[in-house]
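Participant: Sharing work.tsv here; it has TSV, C-alpha atoms.
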```
chain	number	residue	atom	x	y	z
A	7	MET	CA	0.00	0.00	0.00
A	8	PRO	CA	1.51	3.37	-1.05
A	9	VAL	CA	2.24	5.79	1.75
A	10	SER	CA	1.68	9.52	1.21
A	11	PRO	CA	2.86	11.31	4.33
A	12	PRO	CA	1.93	15.00	4.56
A	13	ARG	CA	4.58	17.30	3.23
A	14	PRO	CA	6.03	19.86	5.62
A	15	LYS	CA	4.54	23.30	5.17
A	16	GLY	CA	6.57	26.44	4.64
A	17	PRO	CA	5.74	29.72	6.34
A	18	PRO	CA	2.79	31.73	4.93
A	19	LEU	CA	3.78	34.33	2.33
A	20	ASN	CA	1.93	37.05	4.23
A	21	ALA	CA	3.99	36.30	7.33
A	22	LEU	CA	7.22	36.64	5.35
A	23	ARG	CA	6.01	39.91	3.82
A	24	ALA	CA	5.09	41.29	7.24
A	25	PHE	CA	8.47	40.37	8.74
A	26	GLU	CA	10.43	41.78	5.79
A	27	ALA	CA	8.50	45.06	5.79
A	28	ALA	CA	8.81	45.50	9.56
A	29	ALA	CA	12.54	44.81	9.45
A	30	ARG	CA	13.15	47.08	6.45
A	31	LEU	CA	11.04	49.96	7.76
A	32	GLY	CA	11.97	49.60	11.40
A	33	GLY	CA	8.58	48.99	12.99
A	34	PHE	CA	5.19	47.33	12.87
A	35	ALA	CA	3.31	50.60	12.30
A	36	ALA	CA	5.35	51.54	9.22
A	37	ALA	CA	5.00	48.01	7.84
A	38	ALA	CA	1.25	48.14	8.43
A	39	ASP	CA	1.02	51.41	6.51
A	40	GLU	CA	2.93	49.99	3.54
A	41	LEU	CA	0.94	46.76	3.43
A	42	SER	CA	-2.43	48.42	4.15
A	43	VAL	CA	-3.18	46.38	7.27
A	44	THR	CA	-3.18	47.12	11.01
A	45	PRO	CA	-0.07	47.02	13.23
A	46	GLY	CA	-1.79	44.22	15.13
A	47	ALA	CA	-2.02	42.16	11.95
A	48	ILE	CA	1.70	42.68	11.32
A	49	ALA	CA	2.46	41.57	14.88
A	50	GLN	CA	0.37	38.43	14.46
A	51	HIS	CA	2.02	37.56	11.15
A	52	VAL	CA	5.47	38.00	12.67
A	53	LYS	CA	4.46	35.90	15.66
A	54	SER	CA	3.27	33.09	13.38
A	55	LEU	CA	6.57	33.20	11.46
A	56	GLU	CA	8.52	33.03	14.71
A	57	ALA	CA	6.40	30.06	15.79
A	58	TRP	CA	7.18	28.31	12.49
A	59	ALA	CA	10.91	29.09	12.86
A	60	GLY	CA	10.91	28.12	16.53
A	61	THR	CA	12.77	31.27	17.59
A	62	ASP	CA	12.39	35.04	17.88
A	63	LEU	CA	13.21	37.22	14.89
A	64	PHE	CA	12.71	40.54	16.70
A	65	GLU	CA	13.62	41.81	20.13
A	66	ARG	CA	10.62	43.71	21.51
A	67	ARG	CA	11.80	46.82	23.33
A	68	SER	CA	10.01	49.72	25.00
A	69	GLN	CA	11.25	52.06	22.28
A	70	GLY	CA	10.47	49.72	19.38
A	71	ILE	CA	11.81	46.55	17.80
A	72	ALA	CA	15.27	45.32	16.80
A	73	LEU	CA	16.28	42.31	14.74
A	74	THR	CA	17.73	39.35	16.57
A	75	ARG	CA	20.94	37.86	15.28
A	76	LEU	CA	18.97	35.29	13.25
A	77	GLY	CA	16.62	37.94	11.88
A	78	ALA	CA	19.57	40.06	10.78
A	79	GLN	CA	21.12	37.05	8.99
A	80	VAL	CA	18.08	36.39	6.79
A	81	ILE	CA	16.60	39.83	6.12
A	82	GLU	CA	18.93	40.82	3.27
A	83	LYS	CA	18.15	37.68	1.24
A	84	LEU	CA	14.45	38.00	2.00
A	85	SER	CA	14.35	41.64	0.88
A	86	LEU	CA	16.18	40.74	-2.32
A	87	ALA	CA	13.68	37.95	-2.98
A	88	PHE	CA	10.71	40.30	-2.57
A	89	ASP	CA	12.40	42.88	-4.81
A	90	GLN	CA	12.82	40.25	-7.51
A	91	LEU	CA	9.22	39.14	-7.06
A	92	GLY	CA	8.10	42.76	-7.31
A	93	ASN	CA	10.08	43.23	-10.54
A	94	ALA	CA	8.48	40.11	-12.01
A	95	VAL	CA	4.99	41.35	-11.10
A	96	GLN	CA	5.77	44.78	-12.57
A	97	SER	CA	6.93	43.13	-15.81
A	98	LEU	CA	3.75	41.08	-15.94
A	99	ARG	CA	1.61	44.17	-15.42
A	100	ALA	CA	3.48	46.11	-18.11
A	101	LEU	CA	3.18	43.30	-20.64
A	102	ALA	CA	-0.50	42.80	-19.88
A	103	ALA	CA	-1.33	46.51	-20.33
A	104	PRO	CA	1.42	48.08	-22.47
A	105	GLY	CA	-0.67	51.16	-23.29
A	106	HIS	CA	-1.42	52.16	-19.73
A	107	ILE	CA	0.72	54.34	-17.47
A	108	SER	CA	0.10	54.54	-13.73
A	109	ILE	CA	1.42	57.60	-11.89
A	110	ALA	CA	1.71	58.23	-8.15
A	111	ALA	CA	2.08	61.81	-6.97
A	112	LEU	CA	1.87	63.95	-3.87
A	113	PRO	CA	-1.75	65.25	-3.69
A	114	CYS	CA	-0.82	68.90	-4.26
A	115	ILE	CA	1.43	67.93	-7.18
A	116	ALA	CA	-1.31	65.77	-8.70
A	117	GLN	CA	-3.83	68.60	-8.50
A	118	LEU	CA	-1.74	71.69	-9.18
A	119	TRP	CA	1.18	70.53	-11.33
A	120	LEU	CA	0.28	67.25	-13.03
A	121	SER	CA	-3.39	67.70	-13.85
A	122	PRO	CA	-2.90	70.82	-16.02
A	123	ARG	CA	-0.34	68.90	-18.11
A	124	LEU	CA	-2.55	65.92	-18.87
A	125	PRO	CA	-4.47	67.45	-21.82
A	126	ALA	CA	-1.22	67.97	-23.73
A	127	ILE	CA	-0.14	64.39	-23.01
A	128	ARG	CA	-3.49	62.99	-24.15
A	129	SER	CA	-3.29	65.07	-27.31
A	130	ALA	CA	0.26	63.93	-28.10
A	131	LEU	CA	-0.30	60.29	-27.07
A	132	PRO	CA	-3.99	59.50	-27.72
A	133	HIS	CA	-3.34	55.75	-27.73
A	134	ILE	CA	-2.33	55.52	-24.07
A	135	GLY	CA	-4.28	55.71	-20.83
A	136	ILE	CA	-3.04	57.39	-17.67
A	137	SER	CA	-4.14	56.67	-14.10
A	138	ILE	CA	-3.15	58.93	-11.21
A	139	THR	CA	-3.04	58.03	-7.52
A	140	ALA	CA	-2.48	60.73	-4.90
A	141	LEU	CA	-0.22	59.52	-2.08
A	142	GLU	CA	1.32	61.29	0.90
A	143	GLN	CA	4.46	59.12	0.78
A	144	MET	CA	6.57	58.16	-2.22
A	145	PRO	CA	5.87	54.50	-3.11
A	146	ASN	CA	8.42	51.73	-3.57
A	147	LEU	CA	8.39	51.30	-7.34
A	148	GLN	CA	9.87	47.82	-7.04
A	149	ARG	CA	6.95	46.66	-4.93
A	150	GLU	CA	3.94	48.82	-5.82
A	151	PRO	CA	2.06	48.98	-9.15
A	152	PHE	CA	3.20	52.38	-10.43
A	153	ASP	CA	5.25	53.29	-13.49
A	154	LEU	CA	6.13	56.85	-12.47
A	155	CYS	CA	6.05	58.86	-9.29
A	156	ILE	CA	6.28	62.64	-8.95
A	157	PHE	CA	7.34	63.89	-5.53
A	158	TYR	CA	9.52	66.41	-3.80
A	159	GLN	CA	12.74	64.68	-2.76
A	160	THR	CA	15.34	65.91	-0.31
A	161	LEU	CA	18.70	66.50	-1.97
A	162	PRO	CA	20.69	64.55	-2.96
A	163	ILE	CA	17.91	62.72	-4.80
A	164	ASP	CA	17.62	58.99	-5.36
A	165	PRO	CA	19.77	57.58	-8.20
A	166	GLY	CA	17.80	57.46	-11.44
A	167	ALA	CA	15.37	60.24	-10.49
A	168	ILE	CA	14.99	63.27	-12.76
A	169	ILE	CA	14.98	66.78	-11.30
A	170	LEU	CA	12.20	68.93	-12.74
A	171	CYS	CA	12.92	72.07	-10.73
A	172	ASP	CA	14.18	73.33	-7.40
A	173	ASP	CA	11.71	74.06	-4.60
A	174	ASP	CA	11.71	77.85	-4.20
A	175	ILE	CA	9.25	79.34	-1.70
A	176	TYR	CA	7.92	82.88	-1.20
A	177	PRO	CA	4.67	84.52	-0.03
A	178	VAL	CA	1.79	84.92	-2.49
A	179	CYS	CA	-1.53	86.72	-2.17
A	180	THR	CA	-4.10	88.66	-4.18
A	181	PRO	CA	-3.10	92.07	-5.59
A	182	ALA	CA	-5.45	93.77	-3.12
A	183	ILE	CA	-3.67	92.25	-0.11
A	184	ALA	CA	-0.25	92.89	-1.66
A	185	HIS	CA	-0.95	96.65	-1.58
A	186	THR	CA	-1.06	96.47	2.24
A	187	LEU	CA	2.35	94.79	2.52
A	188	LYS	CA	5.31	97.16	2.29
A	189	SER	CA	7.98	95.04	3.99
A	190	PRO	CA	8.31	91.44	5.23
A	191	THR	CA	7.59	92.56	8.81
A	192	ASP	CA	4.08	93.57	7.68
A	193	ILE	CA	3.33	89.84	7.54
A	194	GLY	CA	2.77	90.09	11.28
A	195	ASN	CA	-0.38	92.17	10.62
A	196	ALA	CA	-1.74	89.90	7.88
A	197	VAL	CA	-3.69	86.66	7.96
A	198	CYS	CA	-1.18	83.91	7.22
A	199	LEU	CA	-2.42	80.69	5.65
A	200	HIS	CA	-0.62	77.52	6.75
A	201	ASP	CA	-0.27	74.05	5.24
A	202	SER	CA	-0.16	71.33	7.89
A	203	THR	CA	2.35	69.19	5.99
A	204	TRP	CA	4.77	72.01	5.20
A	205	SER	CA	4.32	73.60	8.61
A	206	SER	CA	7.83	75.13	8.65
A	207	ASP	CA	7.38	77.14	5.42
A	208	TRP	CA	6.74	80.48	7.07
A	209	ALA	CA	9.62	80.15	9.53
A	210	LEU	CA	12.04	79.19	6.75
A	211	TRP	CA	11.07	82.11	4.53
A	212	LEU	CA	11.13	84.65	7.36
A	213	GLU	CA	14.59	83.38	8.31
A	214	SER	CA	15.76	84.63	4.92
A	215	ALA	CA	13.57	87.73	4.60
A	216	CYS	CA	14.01	89.29	8.06
A	217	PRO	CA	16.38	87.14	10.15
A	218	ASP	CA	16.76	89.68	12.97
A	219	VAL	CA	13.06	90.33	13.58
A	220	ALA	CA	10.51	88.06	15.25
A	221	VAL	CA	7.35	88.03	13.14
A	222	GLN	CA	4.13	86.29	14.16
A	223	THR	CA	2.32	84.32	11.43
A	224	LYS	CA	-1.18	83.86	12.78
A	225	GLY	CA	-3.84	82.26	10.66
A	226	PRO	CA	-5.77	79.12	9.72
A	227	VAL	CA	-4.20	75.74	8.99
A	228	PHE	CA	-5.20	73.54	6.02
A	229	SER	CA	-4.62	69.82	5.59
A	230	LEU	CA	-4.51	70.20	1.80
A	231	TYR	CA	-2.11	72.62	0.16
A	232	SER	CA	-4.45	72.97	-2.83
A	233	LEU	CA	-7.22	74.16	-0.49
A	234	ALA	CA	-4.90	76.69	1.15
A	235	LEU	CA	-3.92	77.94	-2.31
A	236	GLU	CA	-7.56	78.28	-3.33
A	237	GLU	CA	-8.21	80.32	-0.18
A	238	ALA	CA	-5.26	82.55	-1.07
A	239	ARG	CA	-6.87	83.08	-4.47
A	240	ASN	CA	-10.13	83.92	-2.68
A	241	GLY	CA	-8.38	86.68	-0.74
A	242	ALA	CA	-8.39	84.91	2.64
A	243	GLY	CA	-4.77	85.72	3.40
A	244	VAL	CA	-1.12	85.24	2.47
A	245	LEU	CA	0.30	81.80	1.73
A	246	ILE	CA	3.84	80.56	1.25
A	247	GLY	CA	3.90	79.55	-2.39
A	248	HIS	CA	5.98	76.73	-3.82
A	249	ASP	CA	7.10	78.06	-7.17
A	250	ALA	CA	6.22	75.00	-9.26
A	251	LEU	CA	2.70	74.95	-7.79
A	252	VAL	CA	1.80	78.66	-7.82
A	253	ARG	CA	3.52	79.87	-10.98
A	254	PRO	CA	0.39	79.55	-13.22
A	255	HIS	CA	-1.57	81.75	-10.79
A	256	LEU	CA	1.19	84.35	-10.87
A	257	GLU	CA	1.22	84.30	-14.66
A	258	SER	CA	-2.56	84.77	-14.77
A	259	GLY	CA	-2.41	87.65	-12.29
A	260	ALA	CA	-4.74	85.98	-9.80
A	261	LEU	CA	-1.88	86.00	-7.29
A	262	VAL	CA	1.22	88.14	-6.90
A	263	ALA	CA	4.47	87.80	-4.97
A	264	PRO	CA	4.63	90.95	-2.80
A	265	PHE	CA	8.32	90.54	-1.87
A	266	ALA	CA	11.44	89.79	-3.89
A	267	THR	CA	12.98	87.44	-1.31
A	268	ARG	CA	12.87	83.75	-2.17
A	269	ARG	CA	14.08	80.80	-0.12
A	270	ARG	CA	15.45	77.73	-1.94
A	271	LEU	CA	14.77	74.60	0.08
A	272	ASN	CA	17.02	71.54	0.15
A	273	ARG	CA	14.71	69.53	-2.08
A	274	ALA	CA	13.53	69.35	-5.67
A	275	LEU	CA	10.47	68.29	-7.63
A	276	THR	CA	11.38	64.98	-9.24
A	277	ILE	CA	10.15	62.22	-11.52
A	278	THR	CA	11.17	58.65	-10.72
A	279	ARG	CA	10.57	55.79	-13.15
A	280	SER	CA	10.09	52.12	-12.46
A	281	ARG	CA	13.36	50.30	-13.13
A	282	VAL	CA	11.50	47.57	-14.97
A	283	LEU	CA	10.08	50.08	-17.46
A	284	ARG	CA	12.99	52.49	-17.63
A	285	ASP	CA	13.60	51.65	-21.32
A	286	ASN	CA	9.91	51.59	-22.26
A	287	PRO	CA	9.49	54.05	-25.18
A	288	VAL	CA	5.92	55.00	-24.20
A	289	LEU	CA	6.99	55.81	-20.66
A	290	GLN	CA	9.91	57.81	-22.00
A	291	GLN	CA	7.53	59.87	-24.16
A	292	VAL	CA	5.38	60.65	-21.12
A	293	VAL	CA	8.45	61.70	-19.12
A	294	GLU	CA	9.65	63.97	-21.93
A	295	LEU	CA	6.24	65.65	-22.15
A	296	LEU	CA	6.19	66.19	-18.39
A	297	GLN	CA	9.69	67.69	-18.53
A	298	ALA	CA	8.57	70.04	-21.30
```
How would this structure read if it were set down as structure tokens?

Facilitator:
Amino acid sequence: MPVSPPRPKGPPLNALRAFEAAARLGGFAAAADELSVTPGAIAQHVKSLEAWAGTDLFERRSQGIALTRLGAQVIEKLSLAFDQLGNAVQSLRALAAPGHISIAALPCIAQLWLSPRLPAIRSALPHIGISITALEQMPNLQREPFDLCIFYQTLPIDPGAIILCDDDIYPVCTPAIAHTLKSPTDIGNAVCLHDSTWSSDWALWLESACPDVAVQTKGPVFSLYSLALEEARNGAGVLIGHDALVRPHLESGALVAPFATRRRLNRALTITRSRVLRDNPVLQQVVELLQA
């Protein structure tokens, strides 16, 4: 009588993914955010992998987690394996839909910089489709299903990224408000609009415009830069403009820059391409149109 003993089972793929993400990102919360699950789910997956391995892979500490000696020995190979798997999936996606480009961008960039450029791209490349996803954090193009991402990156930028422009900041407002502002210190008497993500904008600009004077910047805070910009256009107050995002409104005259002082930040607006598709001619055409 033939004997068919049960084969030993390997660890679940989700458990390996959870461990690799937590080790690479340095915590369960960051891994949960990347994998779109809860930190508790990451913890359970890691626990199941440790049960399968029969040993701990992380040291749990009051200030976070740290890899054990065994965890540190396997993480590099595991990360490489998931990178290779991600590249294979990206290749499959590209071959299955060669005429579709998927772009990830910071929300304000998607709304204020990218969207106005899409009509020209559609006109020049009518045979392709473009999807846009607004994300607060730049995705991992080896792991996530995007062909391009457009984000501000701190200098020096990642290898392979393309710099579109520097990030210059300066106050912007309606012409009516600009007439009330004679010097940078007058900002203290104006309503200052704030973006919650770029909360240091006002302090950085004032550091350049009037470094020896303390100026208060009181005013409402917005969770979306595009909303703050719209309120500036509505005459609600003065906003720190990021040149790439406000330039069209300056050219139209809806907004003006009341002061000559500009502050160049240590970052740039960039385009990053998926390594798998870096030589794709359609993707290259899209990048060239965006650069133009």

Participant: One number please: CA of Arg253 (chain A) to CA of Gln290 (chain A), in Å, one decimal.

Facilitator: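 Between CA of Arg253 (chain A) and CA of Gln290 (chain A) the gap is 25.5 Å.
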
Participant: So how far away is CA of Asp39 (chain A) from CA of Cys114 (chain A), in Å?

Facilitator: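 Here the two named atoms are 20.6 Å from each other.
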
Participant: What is the distance, in Å and to one decimal place, between CA of Pro151 (chain A) and CA of Gly77 (chain A)?

Facilitator: 27.9 Å

Participant: Determine the nearest neighbour of Ser214 (chain A) from the options A:Arg239, A:Leu187, A:Arg269, A:Thr180, counting only C-alpha atoms.

Facilitator: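 Selected residue with least distance to Ser214 (chain A): A:Arg269.
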
Participant: List every protein, DNA or RNA residue that has at least one atom no more than 9 Å from (14.2, 94.4, 3.5) in the file's coordinates, counting only C-alpha atoms, and write the result as a PDB file with C-alpha atoms, in the coordinates of the input.

Facilitator:
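Once everything was written out, this is selection_39.pdb:
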```pdb
ATOM      1  CA  SER A 189       7.980  95.040   3.990  1.00  0.00           C
ATOM      2  CA  PRO A 190       8.310  91.440   5.230  1.00  0.00           C
ATOM      3  CA  THR A 191       7.590  92.560   8.810  1.00  0.00           C
ATOM      4  CA  ALA A 215      13.570  87.730   4.600  1.00  0.00           C
ATOM      5  CA  CYS A 216      14.010  89.290   8.060  1.00  0.00           C
ATOM      6  CA  PHE A 265       8.320  90.540  -1.870  1.00  0.00           C
ATOM      7  CA  THR A 267      12.980  87.440  -1.310  1.00  0.00           C
TER       8      THR A 267
END
```

Participant: Compare A:Asp164, A:Glu150, A:Glu142, A:Glu65 by their minimum atom-to-atom distance to Val52 (chain A), counting only C-alpha atoms, and give me the closest one.

Facilitator: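 Using only C-alpha atoms, Val52 (chain A) sits closest to A:Glu65.
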
Participant: Which neighbours of Val227 (chain A) fall inside 10 Å, counting all atoms listed in the file, when residues of the same chain fewer than 6 positions from it are skipped, and could you give them as a PyMOL selection string?

Facilitator: chain A and resi 198-203+205+234

Participant: Which of these, A:Val178, A:Asn20, A:Ala220, A:Val282, has the shortest distance to Asp249 (chain A) once you count only C-alpha atoms?

Facilitator: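 The closest residue to Asp249 (chain A) is A:Val178.
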
Participant: Fewer than 4 positions away in the same chain doesn't count, so skip those; otherwise give me all residues within 9 Å of region 271-279 of chain A, counting only C-alpha atoms, as a PyMOL selection string.

Facilitator: chain A and resi 147+152-164+166-175+210+250+283-284+289+293+296-297

Participant: To test the calculation: enclose all listed atoms of region 217-223 of chain A in a box whose edges run along x, y and z, add 8 Å on each side, then state centre and edge lengths in Å to one decimal, as AutoDock Vina command-line options.

Facilitator:
```
--center_x 9.5 --center_y 87.3 --center_z 12.7 --size_x 30.4 --size_y 22.0 --size_z 21.1
```

Participant: May I ask which of the residues A:Val244, A:Ala49, A:Ala130, A:Leu233 is the closest one to Thr186 (chain A), counting all atoms listed in the file?

Facilitator: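 Under the stated criterion, the closest residue is A:Val244.
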
Participant: Identify, on the basis of all atoms listed in the file, every residue whose closest approach to Ala37 (chain A) does not exceed 7 Å; exclude the query and any residue fewer than 6 positions from it along the same chain; express the result as number ranges by chain.

Facilitator: A: 24, 27-28, 31

Participant: Could you give me, as a PyMOL selection string, the residues within 12 Å of Leu91 (chain A), counting only C-alpha atoms and dropping anything in the same chain fewer than 2 positions from it?

Facilitator: chain A and resi 19+23+84-89+93-98+148-150+282

Participant: Looking at A:Leu295, A:Leu235, A:Asn286, A:Trp119, which one is nearest to Leu101 (chain A), with distances taken over only C-alpha atoms?

Facilitator: A:Asn286

Participant: Between A:Ala263, A:Val292, A:Ile48, A:Leu55, which has the minimum distance to Ala182 (chain A) (counting only C-alpha atoms)?

Facilitator: A:Ala263
